[in-house]
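Below: one structure, written as structure tokens.
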Amino acid sequence: ADRRIYLSYSEPREKGNGTSVLRAKLIEENGVARLDEVKVIFRQMPTYDGDKHFGSRLVFAPDGKLFVTVGERSDKVT
């Protein structure tokens, strides 16, 4: 109802990467949709220098709390 959306994504960072979550408001003007009020609300720490097992799920509890799961990450087997 408030047009807020939440996105999880893999974010490149110094010394690696990690799962991040952003919140934004979906705005439509003249038939064109865009995101406004974009804010990163979660950054997995520490970063990890790898490219395996990115994954995430966002779930809202009945009281409005947001739960975020993240992939376990892994190292390449040699």
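Order determines the names: the first chain of the structure tokens is A, the second B, and so forth; residues in each chain are numbered 1 upward, and ligands are numbered 1 upward as they are shown.
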If we count only C-alpha atoms and set the cut-off at 12 Å, which residues sit around A:Gly71, ignoring sequence neighbours fewer than 4 positions away in its own chain? Please answer as a compact mmCIF listing (two decimals) with all heavy atoms, in the first residue's frame.
```txt
# COMPACT_ATOMS: atom_id res chain seq x y z
N SER A 8 17.19 -7.60 -2.50
CA SER A 8 18.48 -8.11 -2.04
C SER A 8 19.33 -8.36 -3.28
O SER A 8 18.82 -8.73 -4.34
CB SER A 8 18.31 -9.39 -1.22
OG SER A 8 17.83 -10.44 -2.01
N TYR A 9 20.63 -8.13 -3.14
CA TYR A 9 21.53 -8.24 -4.29
C TYR A 9 22.96 -8.45 -3.80
O TYR A 9 23.27 -8.19 -2.64
CB TYR A 9 21.44 -6.97 -5.16
CG TYR A 9 21.81 -5.70 -4.44
CD1 TYR A 9 23.07 -5.15 -4.58
CD2 TYR A 9 20.89 -5.06 -3.61
CE1 TYR A 9 23.42 -3.97 -3.92
CE2 TYR A 9 21.23 -3.89 -2.95
CZ TYR A 9 22.49 -3.36 -3.10
OH TYR A 9 22.83 -2.21 -2.44
N SER A 10 23.82 -8.95 -4.69
CA SER A 10 25.23 -9.08 -4.36
C SER A 10 25.92 -7.77 -4.71
O SER A 10 25.81 -7.28 -5.83
CB SER A 10 25.86 -10.26 -5.09
OG SER A 10 25.75 -10.10 -6.48
N GLY A 18 29.41 -8.90 -0.91
CA GLY A 18 28.50 -9.39 0.11
C GLY A 18 27.06 -9.12 -0.29
O GLY A 18 26.78 -8.35 -1.20
N THR A 19 26.16 -9.75 0.42
CA THR A 19 24.74 -9.55 0.19
C THR A 19 24.30 -8.25 0.84
O THR A 19 24.67 -7.97 1.98
CB THR A 19 23.92 -10.72 0.76
OG1 THR A 19 24.33 -11.92 0.11
CG2 THR A 19 22.43 -10.52 0.57
N SER A 20 23.54 -7.45 0.11
CA SER A 20 23.00 -6.20 0.64
C SER A 20 21.50 -6.15 0.38
O SER A 20 20.99 -6.84 -0.50
CB SER A 20 23.67 -5.00 -0.04
OG SER A 20 25.04 -4.96 0.29
N GLN A 44 25.85 -7.30 4.52
CA GLN A 44 26.49 -8.46 5.15
C GLN A 44 27.95 -8.10 5.41
O GLN A 44 28.66 -7.59 4.54
CB GLN A 44 26.41 -9.66 4.22
CG GLN A 44 27.23 -10.84 4.65
CD GLN A 44 27.40 -11.83 3.52
OE1 GLN A 44 26.72 -11.78 2.52
NE2 GLN A 44 28.33 -12.72 3.68
N TYR A 48 33.47 -10.84 1.55
CA TYR A 48 34.04 -12.15 1.23
C TYR A 48 34.56 -12.10 -0.19
O TYR A 48 33.86 -11.64 -1.09
CB TYR A 48 32.96 -13.23 1.36
CG TYR A 48 33.45 -14.61 1.06
CD1 TYR A 48 34.17 -15.32 2.01
CD2 TYR A 48 33.22 -15.20 -0.17
CE1 TYR A 48 34.63 -16.59 1.74
CE2 TYR A 48 33.68 -16.46 -0.45
CZ TYR A 48 34.39 -17.16 0.51
OH TYR A 48 34.85 -18.41 0.23
N ASP A 51 32.85 -16.03 -5.20
CA ASP A 51 31.68 -15.83 -6.08
C ASP A 51 30.67 -16.97 -5.98
O ASP A 51 29.87 -17.17 -6.86
CB ASP A 51 32.14 -15.68 -7.52
CG ASP A 51 32.89 -16.90 -8.04
OD1 ASP A 51 33.08 -17.88 -7.27
OD2 ASP A 51 33.29 -16.89 -9.21
N LYS A 52 30.67 -17.71 -4.90
CA LYS A 52 29.77 -18.86 -4.74
C LYS A 52 28.66 -18.57 -3.74
O LYS A 52 28.83 -17.86 -2.77
CB LYS A 52 30.55 -20.08 -4.24
CG LYS A 52 31.79 -20.42 -5.04
CD LYS A 52 31.43 -21.16 -6.31
CE LYS A 52 32.66 -21.62 -7.04
NZ LYS A 52 33.34 -20.57 -7.76
N HIS A 53 27.52 -19.16 -3.99
CA HIS A 53 26.41 -19.23 -3.04
C HIS A 53 25.86 -17.89 -2.59
O HIS A 53 25.54 -17.72 -1.42
CB HIS A 53 26.79 -20.06 -1.81
CG HIS A 53 27.05 -21.49 -2.14
ND1 HIS A 53 26.10 -22.44 -2.05
CD2 HIS A 53 28.17 -22.10 -2.59
CE1 HIS A 53 26.62 -23.61 -2.42
NE2 HIS A 53 27.87 -23.42 -2.75
N PHE A 54 25.74 -16.94 -3.51
CA PHE A 54 24.97 -15.77 -3.16
C PHE A 54 23.53 -16.23 -3.10
O PHE A 54 23.05 -16.98 -3.91
CB PHE A 54 25.09 -14.68 -4.24
CG PHE A 54 26.32 -13.85 -4.09
CD1 PHE A 54 27.42 -14.10 -4.89
CD2 PHE A 54 26.37 -12.83 -3.17
CE1 PHE A 54 28.55 -13.33 -4.77
CE2 PHE A 54 27.49 -12.06 -3.05
CZ PHE A 54 28.59 -12.30 -3.84
N GLY A 55 22.84 -15.78 -2.14
CA GLY A 55 21.43 -16.13 -2.04
C GLY A 55 20.84 -15.36 -0.90
O GLY A 55 21.54 -14.96 0.02
N SER A 56 19.57 -15.12 -0.97
CA SER A 56 18.93 -14.32 0.06
C SER A 56 17.43 -14.50 -0.03
O SER A 56 16.90 -14.78 -1.10
CB SER A 56 19.30 -12.85 -0.15
OG SER A 56 18.63 -12.03 0.75
N ARG A 57 16.80 -14.34 1.09
CA ARG A 57 15.34 -14.33 1.12
C ARG A 57 14.91 -13.25 2.09
O ARG A 57 15.50 -13.10 3.17
CB ARG A 57 14.80 -15.69 1.58
CG ARG A 57 13.28 -15.71 1.55
CD ARG A 57 12.72 -17.07 1.77
NE ARG A 57 11.26 -16.99 1.71
CZ ARG A 57 10.47 -17.91 2.18
NH1 ARG A 57 10.96 -19.00 2.70
NH2 ARG A 57 9.17 -17.78 2.09
```
Let's see if you can do this: from backbone DSSP, list all strand (DSSP E) residues in chain A, as a PyMOL selection string. chain A and resi 4-13+16-29+32-43+56-60+66-70
Given only C-alpha atoms as the counted atoms, nearest of A:Val21, A:Asp2, A:Pro12, A:Pro62 to A:Thr47: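 That would be A:Pro12, the residue with the smallest distance to A:Thr47.
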Using only C-alpha atoms, find the one residue out of A:Arg3, A:Ala61, A:Asp49, A:Glu11 that sits nearest to A:Leu35.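 Using only C-alpha atoms, the shortest distance to A:Leu35 belongs to A:Arg3.
Minimum atom-to-atom distances from A:Leu66, A:Ala1, A:Leu7, A:Leu22 to A:Ile41 were compared using only C-alpha atoms, and the lowest value belongs to A:Leu22.
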